[in-house]
Amino acid sequence: MGFLALNRLMFKQKEQRRRRRIHNQKSTKVLKKKDSLCQEDDHSEGGKRSRYPGSNLPEDIWCHIHSLMPLRDAAHSACLSHAFLRSWRCHPNLKFTEETLCLKRNACVGGVARCFTMRVDQILKNHSGIGVKALHLKVPDSCKVDTCRLNRWLQIGITPGIEEVTVFLPINYRTKYSFPCSLLFGGCGNSIRHLRLSNCAFRPPVGFDCLRSLTKLQLYKVCTTGDELGSLFSNSFALEHLELMYCGELISLKIPFWLERLSFLRVSECNMLQVIESKAPSLHTLEFFGDPVHLNLGESSQEVNAPMVANKFLNLKCLNIYLCAVNKAFTPAYDYLSLVSFLDASPSLETFILSVNQNEVRHDSVFGNASHMRQVLGHKHDNIRKVQINGFCSAKSMVELTCHILGNATSLESLTVDTICDGFTVRDERRCHVQNKSECWPIPRDKILEAHKALRAVDRYIVGRVPPAVKLNVLELCSRCHAIDVELP
């Protein structure tokens with residue numbers, strides 16, 4: 001029910017009361033007769049119609065109606081109706097963004113910041129803090145909220161029974177604001193199921209046990225250490241989903257065995273990270289983006305130039321590896337074939353996605369030394385069904401890896417090879433014919449040259465090895481936007 005509809009309803013009720021007062025002044029007898037007729041009509045047709053004045057609705061009904069309204073309409077209706085004012089004090093969803101507060105994007109910077117702060121203050125002033133289920137706070141980049149006010153907002157919103165907390169702050173808050181873990185004490189945090197933080201510090205103390213119901217944790221550009229996350233993990237037994245992105249202080253990530261429900265792990269661009277240790281038994285999806293790290297998936301581990309795995313991800317079903325241009329992988333010594341160790345360590349693996357984003361290829365080319373193609377014997381991958389390689393190049397070790405998969409993935413259904421990977425856009429969105437644009441996304445000339453070499457490598461070394469039951473998808477460059485003269489080997 002929208003704000004305008006409610007206004008019409010309340011206006012109609014006022015008009016009806018006014019008309020009744022006029023009729024009452026004219027004739028009590030006529031009024032009684034009309035009341036009798038109205039009552040007869042209201043309960044006609046088997047009692048399907050019944051009218052109740054809005055003020056007589058139970059309070060829980062008002063609260064439910066109020067909870068379905070957008071935040072701004074809900075706040076306005078509380079100013080117009082005593083019934084809504086009572087229900088507003090326990091409105092369950094508090095979402096503060098430029099959109100929900102209807103701030104004009106074309107307004108001056110100071111105007112947006114001032115209006116955002118004023119409206120959040122006003123809304124929370126009239127809220128009791130009771131009944132909040134979700135708090136979503138996204139502070140505009142132009143808004144400078146002092147620490148005391150920010151803590152006061154969180155204190156009003158984070159109360160016992162809350163299930164979702166999202167705090168997105170401007171980038172300059174990362175080094176000067178620490179999320180107040182003390183607000184989670186006293187039972188306020190034990191009902192939280194989803195916690196999302198960005199651009200702040202997160203410092204759970206030793207013995208932290210305030211997030212016992214937490215199932216999903218997402219930290220984006222958050223300052224936190226491995227020990228501090230360990231304090232959180234010590235009592236977060238319900239955790240199922242963990243995402244750590246651009247957490248620059250993280251050096252070592254250790255996931256204990258008692259996180260039995262953890263099934264999804266994403267670690268992205270944590271540039272200081274050196275070690276990942278996981279003993280979570282139910283992990284089935286792992287996405288890693290960044291430099292090669294020291295992996296320990298059991299009692300032993302191994303560290304080499306390429307990521308290697310010594311033990312098992314027994315339940316891992318989807319593996320997404322992203323290698324970007326800033327890391328150490330792109331040297332002539334890097335060996336893509338060594339990624340077979342991940343496949344060996346994941347006996348339940350069904351989907352394998354490798355994305356390689358590099359400015360230039362400096363590996364040994366398959367065209368220069370194809371006489372001795374290496375094979376890794378004694379390795380079968382019986383459950384892999386889908387393989388996708390983004391940024392496929394003419395490196396010999398990448399061709400060897402692809403040939404190994406074709407020869408040993410006995411349940412393989414599809415192999416997708418894309419010669420483009422920039423690390424920022426979804427596959428196919430860079431192509432003009434997909435987005436109906438005038439031209440494709442710009443690609444440097446050296447990448448176009450390498451893409452043409454990669455296509456020749458596919459034709460020469462891959463196509464003939466594809467089993468009849470496997471569908472091969474080769475995503476080529478746009479013939480219109482990326483057509484250049486190139487001398488292929």
# chains A, B, ... in the order shown; residues from 1 in each chain; ligands from 1
$ residues_around --residues "His241 in chain A" --least-positions-apart "5" --cutoff "9 Å" --atoms "only C-alpha atoms" --output "ChimeraX atom specification"
/A:215-218,261-266
$ write_last_selection --atoms "N, CA and C atoms" --output "short mmCIF file (atom, residue, chain, number, x, y, z; two decimals), in the first residue's frame"
data_model
loop_
_atom_site.label_atom_id
_atom_site.label_comp_id
_atom_site.auth_asym_id
_atom_site.auth_seq_id
_atom_site.Cartn_x
_atom_site.Cartn_y
_atom_site.Cartn_z
N THR A 215 25.41 -16.21 9.44
CA THR A 215 25.53 -17.17 8.34
C THR A 215 26.29 -16.58 7.15
N LYS A 216 26.29 -15.24 7.02
CA LYS A 216 26.94 -14.62 5.86
C LYS A 216 27.73 -13.40 6.30
N LEU A 217 29.02 -13.37 5.97
CA LEU A 217 29.90 -12.25 6.32
C LEU A 217 30.59 -11.75 5.06
N GLN A 218 30.44 -10.45 4.78
CA GLN A 218 31.06 -9.82 3.62
C GLN A 218 31.84 -8.58 4.09
N ARG A 261 29.52 -25.64 8.55
CA ARG A 261 28.51 -25.23 7.57
C ARG A 261 29.09 -24.33 6.47
N LEU A 262 30.32 -23.92 6.60
CA LEU A 262 30.90 -23.02 5.61
C LEU A 262 31.00 -23.73 4.27
N SER A 263 30.29 -23.20 3.26
CA SER A 263 30.27 -23.84 1.96
C SER A 263 30.81 -22.94 0.85
N PHE A 264 30.90 -21.63 1.10
CA PHE A 264 31.33 -20.69 0.07
C PHE A 264 32.42 -19.78 0.63
N LEU A 265 33.54 -19.67 -0.11
CA LEU A 265 34.64 -18.80 0.29
C LEU A 265 35.12 -18.02 -0.92
N ARG A 266 35.13 -16.69 -0.79
CA ARG A 266 35.69 -15.83 -1.83
C ARG A 266 36.74 -14.92 -1.20
#
$ residues_around --residues "Ser198 in chain A" --least-positions-apart "3" --cutoff "10 Å" --atoms "only C-alpha atoms" --output "ChimeraX atom specification"
/A:138,166-171,173-174,179,201-202,218-223,245-247
$ residues_around --residues "Pro180 in chain A" --least-positions-apart "2" --cutoff "9 Å" --atoms "only C-alpha atoms" --output "MDAnalysis selection string"
chainID A and resid 151 154 177:178 182:184 202:203
$ select_by_dssp --residues "range 349-429 of chain A" --states "helix (DSSP H, G or I)" --output "JSON, numbers by chain"
{"A": [396, 397, 398, 399, 400, 401, 402, 403, 404, 405, 406, 407, 408]}
$ write_last_selection --atoms "C-alpha atoms" --output "PDB file, in the first residue's frame"
ATOM      1  CA  LYS A 396      52.440 -23.717 -24.072  1.00  0.00           C
ATOM      2  CA  SER A 397      51.516 -24.582 -20.474  1.00  0.00           C
ATOM      3  CA  MET A 398      47.958 -23.282 -20.974  1.00  0.00           C
ATOM      4  CA  VAL A 399      47.526 -25.460 -24.047  1.00  0.00           C
ATOM      5  CA  GLU A 400      48.912 -28.404 -22.063  1.00  0.00           C
ATOM      6  CA  LEU A 401      46.435 -27.738 -19.239  1.00  0.00           C
ATOM      7  CA  THR A 402      43.518 -27.638 -21.698  1.00  0.00           C
ATOM      8  CA  CYS A 403      44.624 -30.858 -23.379  1.00  0.00           C
ATOM      9  CA  HIS A 404      44.989 -32.529 -19.975  1.00  0.00           C
ATOM     10  CA  ILE A 405      41.406 -31.620 -19.060  1.00  0.00           C
ATOM     11  CA  LEU A 406      40.053 -32.904 -22.373  1.00  0.00           C
ATOM     12  CA  GLY A 407      41.874 -36.186 -21.915  1.00  0.00           C
ATOM     13  CA  ASN A 408      41.086 -36.819 -18.251  1.00  0.00           C
TER      14      ASN A 408
END
$ atom_distance --atom1 "CA of Asn473 in chain A" --atom2 "CA of His284 in chain A"
25.7 Å
$ select_by_dssp --residues "range 196-303 of chain A" --states "strand (DSSP E)" --output "PyMOL selection string"
chain A and resi 196-201+216-223+241-245+252-255+264-268+275-278+285-289+294-296+301-302
$ closest_residue --among "A:Leu124, A:Asp418, A:Cys115, A:Gln155" --to "Val139 in chain A" --atoms "only C-alpha atoms"
A:Cys115
$ atom_distance --atom1 "CA of Glu240 in chain A" --atom2 "CA of Gln388 in chain A"
25.8 Å
$ atom_distance --atom1 "CA of Phe257 in chain A" --atom2 "CA of Pro292 in chain A"
23.3 Å
